[in-house]
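Asker: Dropping in input.tsv, which is TSV, C-alpha atoms and all ligand atoms:
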```
chain	number	residue	atom	x	y	z
A	923	ASN	CA	-246.31	3.28	-34.73
A	924	ASN	CA	-243.61	4.10	-32.17
A	925	ASP	CA	-241.63	6.24	-34.64
A	926	ARG	CA	-244.41	8.81	-34.86
A	927	GLU	CA	-243.86	12.12	-33.09
A	928	CYS	CA	-246.68	12.92	-30.68
A	929	PRO	CA	-247.97	15.96	-28.81
A	930	LEU	CA	-246.09	16.66	-25.57
A	931	ASP	CA	-247.35	15.44	-22.23
A	932	LYS	CA	-246.81	17.47	-19.03
A	933	GLU	CA	-243.40	15.87	-18.34
A	934	GLU	CA	-241.95	16.34	-21.84
A	935	LEU	CA	-243.28	19.87	-22.04
A	936	GLY	CA	-241.75	20.61	-18.63
A	937	LYS	CA	-238.34	19.19	-19.48
A	938	ASN	CA	-238.17	21.02	-22.80
A	939	THR	CA	-239.36	24.27	-21.26
A	940	TRP	CA	-236.91	24.19	-18.34
A	941	SER	CA	-234.11	23.55	-20.86
A	942	PHE	CA	-235.09	26.66	-22.77
A	943	LEU	CA	-235.63	28.83	-19.67
A	944	HIS	CA	-232.34	27.89	-17.95
A	945	THR	CA	-230.41	28.33	-21.19
A	946	MET	CA	-232.03	31.72	-21.78
A	947	ALA	CA	-231.11	32.79	-18.24
A	948	ALA	CA	-227.51	31.60	-18.71
A	949	TYR	CA	-227.19	33.76	-21.85
A	950	TYR	CA	-228.90	36.84	-20.38
A	951	PRO	CA	-226.44	39.80	-20.33
A	952	ASP	CA	-224.03	40.32	-17.43
A	953	GLU	CA	-224.85	44.02	-17.65
A	954	PRO	CA	-228.40	44.34	-19.02
A	955	SER	CA	-229.89	47.73	-19.87
A	956	GLU	CA	-232.89	49.02	-17.91
A	957	LYS	CA	-235.00	48.16	-20.94
A	958	GLN	CA	-233.72	44.57	-21.01
A	959	LYS	CA	-234.46	44.20	-17.30
A	960	CYS	CA	-238.06	45.33	-17.88
A	961	GLN	CA	-238.39	43.04	-20.87
A	962	MET	CA	-237.17	40.01	-18.93
A	963	LYS	CA	-239.60	40.74	-16.09
A	964	SER	CA	-242.50	40.97	-18.54
A	965	PHE	CA	-241.29	37.87	-20.34
A	966	PHE	CA	-241.79	35.80	-17.16
A	967	ARG	CA	-245.10	37.47	-16.31
A	968	ASN	CA	-246.43	36.74	-19.80
A	969	PHE	CA	-244.88	33.28	-19.94
A	970	ALA	CA	-246.72	32.39	-16.73
A	971	MET	CA	-250.03	33.49	-18.29
A	972	PHE	CA	-249.69	31.25	-21.35
A	973	TYR	CA	-247.75	28.19	-20.18
A	974	PRO	CA	-249.85	25.37	-21.67
A	975	CYS	CA	-250.27	23.30	-18.49
A	976	HIS	CA	-253.05	24.92	-16.52
A	977	ILE	CA	-252.10	23.80	-13.02
A	978	CYS	CA	-248.39	24.53	-13.64
A	979	ALA	CA	-249.23	28.01	-14.94
A	980	GLU	CA	-251.36	28.82	-11.89
A	981	HIS	CA	-248.60	27.71	-9.52
A	982	PHE	CA	-245.98	29.67	-11.44
A	983	GLN	CA	-248.10	32.84	-11.50
A	984	GLU	CA	-248.41	32.66	-7.71
A	985	ASP	CA	-244.72	31.88	-7.29
A	986	ILE	CA	-243.48	34.84	-9.33
A	987	LYS	CA	-245.85	37.18	-7.51
A	988	LEU	CA	-244.29	35.96	-4.25
A	989	ILE	CA	-240.70	35.88	-5.53
A	990	PRO	CA	-240.30	38.19	-8.57
A	991	PRO	CA	-237.57	37.55	-11.18
A	992	GLU	CA	-234.10	38.85	-10.27
A	993	VAL	CA	-233.06	40.51	-13.50
A	994	SER	CA	-229.90	42.44	-12.54
A	995	ASN	CA	-227.56	40.05	-14.43
A	996	ALA	CA	-227.21	36.51	-15.85
A	997	ASP	CA	-225.97	35.11	-12.57
A	998	ASP	CA	-228.86	36.46	-10.48
A	999	LEU	CA	-231.45	35.44	-13.07
A	1000	SER	CA	-230.00	31.91	-13.28
A	1001	LYS	CA	-229.97	31.54	-9.49
A	1002	TRP	CA	-233.53	32.85	-9.22
A	1003	LEU	CA	-234.78	30.43	-11.89
A	1004	CYS	CA	-232.94	27.55	-10.23
A	1005	PHE	CA	-234.67	28.45	-6.96
A	1006	MET	CA	-238.07	28.57	-8.70
A	1007	HIS	CA	-237.45	25.22	-10.38
A	1008	ASN	CA	-236.47	23.76	-7.01
A	1009	ARG	CA	-239.82	24.90	-5.59
A	1010	VAL	CA	-241.51	22.82	-8.31
A	1011	ASN	CA	-239.13	19.91	-7.66
A	1012	LEU	CA	-240.04	20.04	-3.98
A	1013	ARG	CA	-243.76	20.09	-4.76
A	1014	LEU	CA	-243.36	17.05	-7.03
A	1015	GLY	CA	-241.12	15.14	-4.62
A	1016	LYS	CA	-238.12	15.44	-6.97
A	1017	GLU	CA	-234.54	15.94	-5.86
A	1018	GLU	CA	-233.32	19.48	-5.17
A	1019	PHE	CA	-230.76	20.81	-7.66
A	1020	ASP	CA	-227.51	22.38	-6.38
A	1021	CYS	CA	-227.86	25.96	-7.65
A	1022	SER	CA	-224.12	26.63	-7.39
A	1023	ARG	CA	-223.85	24.36	-10.46
A	1024	VAL	CA	-226.45	25.94	-12.81
A	1025	ARG	CA	-223.77	27.53	-14.96
A	1026	GLU	CA	-222.02	24.18	-15.42
A	1027	ARG	CA	-225.32	22.45	-16.20
A	1028	TRP	CA	-226.67	25.02	-18.68
A	1029	LYS	CA	-223.69	26.91	-20.15
A	1030	ASP	CA	-220.10	25.84	-19.42
A	1031	GLY	CA	-220.49	22.06	-19.10
A	1032	TRP	CA	-219.44	20.01	-16.03
A	1033	LYS	CA	-216.04	20.76	-14.50
A	1034	ASP	CA	-214.96	17.11	-14.95
A	1035	GLY	CA	-215.02	17.65	-18.74
A	1036	SER	CA	-217.81	15.12	-19.37
A	1037	CYS	CA	-219.57	17.54	-21.76
A	1038	ASP	CA	-216.48	18.48	-23.79
A	1101	LIG	P1	-237.22	18.57	-14.98
A	1101	LIG	O1	-237.72	19.05	-13.65
A	1101	LIG	O2	-238.00	18.91	-16.19
A	1101	LIG	O3	-235.72	19.14	-15.14
A	1101	LIG	C1	-234.98	18.98	-16.34
A	1101	LIG	C2	-233.50	19.04	-16.01
A	1101	LIG	O4	-233.20	20.30	-15.42
A	1101	LIG	C3	-233.04	18.04	-14.95
A	1101	LIG	O5	-232.72	16.82	-15.54
A	1101	LIG	C4	-231.84	18.71	-14.32
A	1101	LIG	O6	-230.66	18.46	-15.05
A	1101	LIG	C5	-232.16	20.17	-14.45
A	1101	LIG	N1	-232.66	20.76	-13.21
A	1101	LIG	C6	-233.47	20.21	-12.27
A	1101	LIG	N2	-233.75	21.09	-11.30
A	1101	LIG	C7	-233.10	22.22	-11.63
A	1101	LIG	C8	-232.98	23.49	-11.01
A	1101	LIG	N3	-233.60	23.78	-9.85
A	1101	LIG	N4	-232.23	24.43	-11.61
A	1101	LIG	C9	-231.59	24.17	-12.77
A	1101	LIG	N5	-231.65	23.00	-13.42
A	1101	LIG	C10	-232.40	22.03	-12.84
A	1101	LIG	N6	-245.34	19.61	-13.28
A	1101	LIG	C11	-246.34	19.28	-12.44
A	1101	LIG	O7	-246.70	18.11	-12.36
A	1101	LIG	N7	-246.94	20.24	-11.65
A	1101	LIG	C12	-246.58	21.56	-11.71
A	1101	LIG	O8	-247.15	22.40	-11.01
A	1101	LIG	C13	-245.55	21.92	-12.62
A	1101	LIG	N8	-245.20	23.23	-12.76
A	1101	LIG	C14	-244.28	23.56	-13.71
A	1101	LIG	C15	-243.96	24.91	-13.90
A	1101	LIG	C16	-243.08	25.29	-14.89
A	1101	LIG	C17	-242.77	26.76	-15.11
A	1101	LIG	C18	-242.46	24.30	-15.73
A	1101	LIG	C19	-241.51	24.72	-16.82
A	1101	LIG	C20	-242.76	22.96	-15.52
A	1101	LIG	C21	-243.65	22.57	-14.52
A	1101	LIG	N9	-243.95	21.22	-14.30
A	1101	LIG	C22	-244.94	20.89	-13.41
A	1101	LIG	C23	-243.18	20.14	-14.97
A	1101	LIG	C24	-242.06	19.61	-14.05
A	1101	LIG	O9	-241.33	20.69	-13.48
A	1101	LIG	C25	-241.02	18.74	-14.80
A	1101	LIG	O10	-240.54	19.44	-15.94
A	1101	LIG	C26	-241.56	17.39	-15.26
A	1101	LIG	O11	-242.11	16.71	-14.15
A	1101	LIG	C27	-240.42	16.54	-15.88
A	1101	LIG	O12	-239.41	16.37	-14.88
A	1101	LIG	P2	-237.97	15.81	-15.14
A	1101	LIG	O13	-237.70	14.83	-14.03
A	1101	LIG	O14	-237.83	15.33	-16.55
A	1101	LIG	O15	-236.94	17.02	-14.91
```
Show me this structure written as structure tokens.
Answerer:
Amino acid sequence: NNDRECPLDKEELGKNTWSFLHTMAAYYPDEPSEKQKCQMKSFFRNFAMFYPCHICAEHFQEDIKLIPPEVSNADDLSKWLCFMHNRVNLRLGKEEFDCSRVRERWKDGWKDGSCD
């Protein structure tokens, strides 16, 4: 039965997770408190430990050790996450995303009004 909802495969899980992560970064404060900065850093450390795709999780753990989250404001966090996602895109042979447009993609909608 094609109408049945099924467990996620690696691709669906990835797409859904990136949607959440980029949206969360877009709505992170412009002026976070020291506590919020710490919490966001630990969020990504912990996220990387439990992401339910083993190979993805291992890669991501290594990547954030190499390039730790930039938690000073929403803009920096969004750019950092875009960069991290592009590393995965590169590894998978997917197209690179233009990080100057993350805010349009995940918060404001495209400048041409196509999301209005
Ligand atoms: P996705 O890559 O899921 O992207 C979804 C949407 O995000 C795109 O349509 C685009 O609009 C937007 N987007 C694309 N790039 C960016 C960017 N750089 N910044 C902002 N927005 C962007 N799969 C593996 O096979 N091996 C792995 O090691 C692996 N590691 C992963 C690690 C993490 C943390 C996550 C969340 C996923 C990982 N995945 C991995 C899954 C993989 O990244 C994709 O999610 C999956 O292949 C589906 O790809 P997609 O083409 O639907 O688009």
Asker: Please report the interatomic distance between atom C11 of ligand LIG 1101 (chain A) and CA of Cys960 (chain A) in Å with one decimal.
Answerer: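 Going from atom C11 of ligand LIG 1101 (chain A) over to CA of Cys960 (chain A), I get 27.9 Å.
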Asker: Do you have, as a Markdown table, the list of residues of region 946-1013 of chain A lying at most 10 Å from region 931-941 of chain A, each with its nearest atom pair and that distance in Å to one decimal, counting all atoms listed in the file and ordered by chain then number?
Answerer:
```
| residue | atom | partner | partner_atom | distance |
| --- | --- | --- | --- | --- |
| A:Met946 | CA | A:Ser941 | CA | 8.5 |
| A:Tyr973 | CA | A:Thr939 | CA | 9.3 |
| A:Pro974 | CA | A:Leu935 | CA | 8.6 |
| A:Cys975 | CA | A:Lys932 | CA | 6.8 |
| A:Cys978 | CA | A:Lys932 | CA | 9.0 |
| A:Leu1003 | CA | A:Trp940 | CA | 9.2 |
| A:Cys1004 | CA | A:Trp940 | CA | 9.6 |
| A:His1007 | CA | A:Trp940 | CA | 8.0 |
```
Asker: Please identify all polymer residues within 6 Å of region 979-993 of chain A, counting only C-alpha atoms, omitting same-chain residues fewer than 5 positions from it, and present them as number ranges by chain.
Answerer: A: 959, 970, 973, 998-999
Asker: Now that the selection is made, can you save its residues with C-alpha atoms as an mmCIF file, in the coordinates of the input?
Answerer:
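Resulting contents of out17.cif:
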```cif
data_model
loop_
_atom_site.group_PDB
_atom_site.id
_atom_site.type_symbol
_atom_site.label_atom_id
_atom_site.label_comp_id
_atom_site.auth_asym_id
_atom_site.auth_seq_id
_atom_site.Cartn_x
_atom_site.Cartn_y
_atom_site.Cartn_z
ATOM 1 C CA LYS A 959 -234.460 44.200 -17.300
ATOM 2 C CA ALA A 970 -246.720 32.390 -16.730
ATOM 3 C CA TYR A 973 -247.750 28.190 -20.180
ATOM 4 C CA ASP A 998 -228.860 36.460 -10.480
ATOM 5 C CA LEU A 999 -231.450 35.440 -13.070
#
```
Asker: Box for ligand LIG 1101 (chain A) - axis-aligned, 4 Å on each of the six sides, all listed atoms - centre and size in Å to one decimal, as AutoDock Vina command-line options.
Answerer:
```
--center_x -238.9 --center_y 20.8 --center_z -13.3 --size_x 24.5 --size_y 19.9 --size_z 15.0
```
Asker: Can you work out the spacing between CA of Thr945 (chain A) and atom O8 of ligand LIG 1101 (chain A) in Å, to one decimal?
Answerer: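 Taking CA of Thr945 (chain A) as the start and atom O8 of ligand LIG 1101 (chain A) as the end point, the length is 20.5 Å.
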Asker: Supply region 925-956 of chain A as a CSV table (one decimal), keeping the file's coordinate frame, with N, CA and C atoms built in where the input has gaps.
Answerer:
```
chain,number,residue,atom,x,y,z
A,925,ASP,N,-242.5,5.2,-34.1
A,925,ASP,CA,-241.6,6.2,-34.6
A,925,ASP,C,-242.3,7.6,-34.8
A,926,ARG,N,-243.7,7.6,-34.7
A,926,ARG,CA,-244.4,8.8,-34.9
A,926,ARG,C,-244.1,9.8,-33.7
A,927,GLU,N,-244.0,11.1,-34.1
A,927,GLU,CA,-243.9,12.1,-33.1
A,927,GLU,C,-245.2,12.5,-32.6
A,928,CYS,N,-245.4,12.7,-31.3
A,928,CYS,CA,-246.7,12.9,-30.7
A,928,CYS,C,-246.7,14.2,-29.9
A,929,PRO,N,-247.9,14.8,-29.6
A,929,PRO,CA,-248.0,16.0,-28.8
A,929,PRO,C,-247.3,15.7,-27.4
A,930,LEU,N,-246.8,16.8,-26.8
A,930,LEU,CA,-246.1,16.7,-25.6
A,930,LEU,C,-247.0,16.4,-24.4
A,931,ASP,N,-246.6,15.5,-23.5
A,931,ASP,CA,-247.4,15.4,-22.2
A,931,ASP,C,-246.7,16.4,-21.2
A,932,LYS,N,-247.3,16.5,-20.0
A,932,LYS,CA,-246.8,17.5,-19.0
A,932,LYS,C,-245.3,17.3,-18.7
A,933,GLU,N,-244.8,16.1,-18.7
A,933,GLU,CA,-243.4,15.9,-18.3
A,933,GLU,C,-242.5,16.3,-19.5
A,934,GLU,N,-242.8,15.9,-20.7
A,934,GLU,CA,-242.0,16.3,-21.8
A,934,GLU,C,-242.0,17.9,-22.0
A,935,LEU,N,-243.2,18.4,-21.9
A,935,LEU,CA,-243.3,19.9,-22.0
A,935,LEU,C,-242.4,20.5,-21.0
A,936,GLY,N,-242.5,20.0,-19.7
A,936,GLY,CA,-241.8,20.6,-18.6
A,936,GLY,C,-240.3,20.5,-18.9
A,937,LYS,N,-239.8,19.4,-19.3
A,937,LYS,CA,-238.3,19.2,-19.5
A,937,LYS,C,-237.8,20.1,-20.6
A,938,ASN,N,-238.6,20.2,-21.7
A,938,ASN,CA,-238.2,21.0,-22.8
A,938,ASN,C,-238.2,22.5,-22.4
A,939,THR,N,-239.2,22.9,-21.6
A,939,THR,CA,-239.4,24.3,-21.3
A,939,THR,C,-238.3,24.7,-20.3
A,940,TRP,N,-238.0,23.8,-19.3
A,940,TRP,CA,-236.9,24.2,-18.3
A,940,TRP,C,-235.6,24.3,-19.1
A,941,SER,N,-235.4,23.5,-20.1
A,941,SER,CA,-234.1,23.6,-20.9
A,941,SER,C,-234.0,24.9,-21.5
A,942,PHE,N,-235.1,25.3,-22.1
A,942,PHE,CA,-235.1,26.7,-22.8
A,942,PHE,C,-234.9,27.8,-21.7
A,943,LEU,N,-235.7,27.7,-20.6
A,943,LEU,CA,-235.6,28.8,-19.7
A,943,LEU,C,-234.2,29.0,-19.0
A,944,HIS,N,-233.7,27.8,-18.6
A,944,HIS,CA,-232.3,27.9,-18.0
A,944,HIS,C,-231.3,28.4,-18.9
A,945,THR,N,-231.4,27.9,-20.2
A,945,THR,CA,-230.4,28.3,-21.2
A,945,THR,C,-230.6,29.8,-21.5
A,946,MET,N,-231.8,30.3,-21.6
A,946,MET,CA,-232.0,31.7,-21.8
A,946,MET,C,-231.4,32.5,-20.6
A,947,ALA,N,-231.6,32.1,-19.4
A,947,ALA,CA,-231.1,32.8,-18.2
A,947,ALA,C,-229.6,32.8,-18.3
A,948,ALA,N,-229.0,31.7,-18.7
A,948,ALA,CA,-227.5,31.6,-18.7
A,948,ALA,C,-226.9,32.6,-19.7
A,949,TYR,N,-227.7,32.9,-20.8
A,949,TYR,CA,-227.2,33.8,-21.8
A,949,TYR,C,-227.7,35.2,-21.7
A,950,TYR,N,-228.5,35.5,-20.7
A,950,TYR,CA,-228.9,36.8,-20.4
A,950,TYR,C,-227.6,37.7,-20.1
A,951,PRO,N,-227.7,39.0,-20.5
A,951,PRO,CA,-226.4,39.8,-20.3
A,951,PRO,C,-225.9,39.9,-18.9
A,952,ASP,N,-224.6,40.1,-18.7
A,952,ASP,CA,-224.0,40.3,-17.4
A,952,ASP,C,-224.3,41.7,-17.0
A,953,GLU,N,-224.5,42.6,-18.0
A,953,GLU,CA,-224.8,44.0,-17.6
A,953,GLU,C,-226.0,44.5,-18.5
A,954,PRO,N,-227.2,44.0,-18.2
A,954,PRO,CA,-228.4,44.3,-19.0
A,954,PRO,C,-228.8,45.8,-18.9
A,955,SER,N,-229.4,46.4,-19.9
A,955,SER,CA,-229.9,47.7,-19.9
A,955,SER,C,-231.2,47.7,-19.0
A,956,GLU,N,-231.6,48.9,-18.6
A,956,GLU,CA,-232.9,49.0,-17.9
A,956,GLU,C,-234.0,48.4,-18.7
```
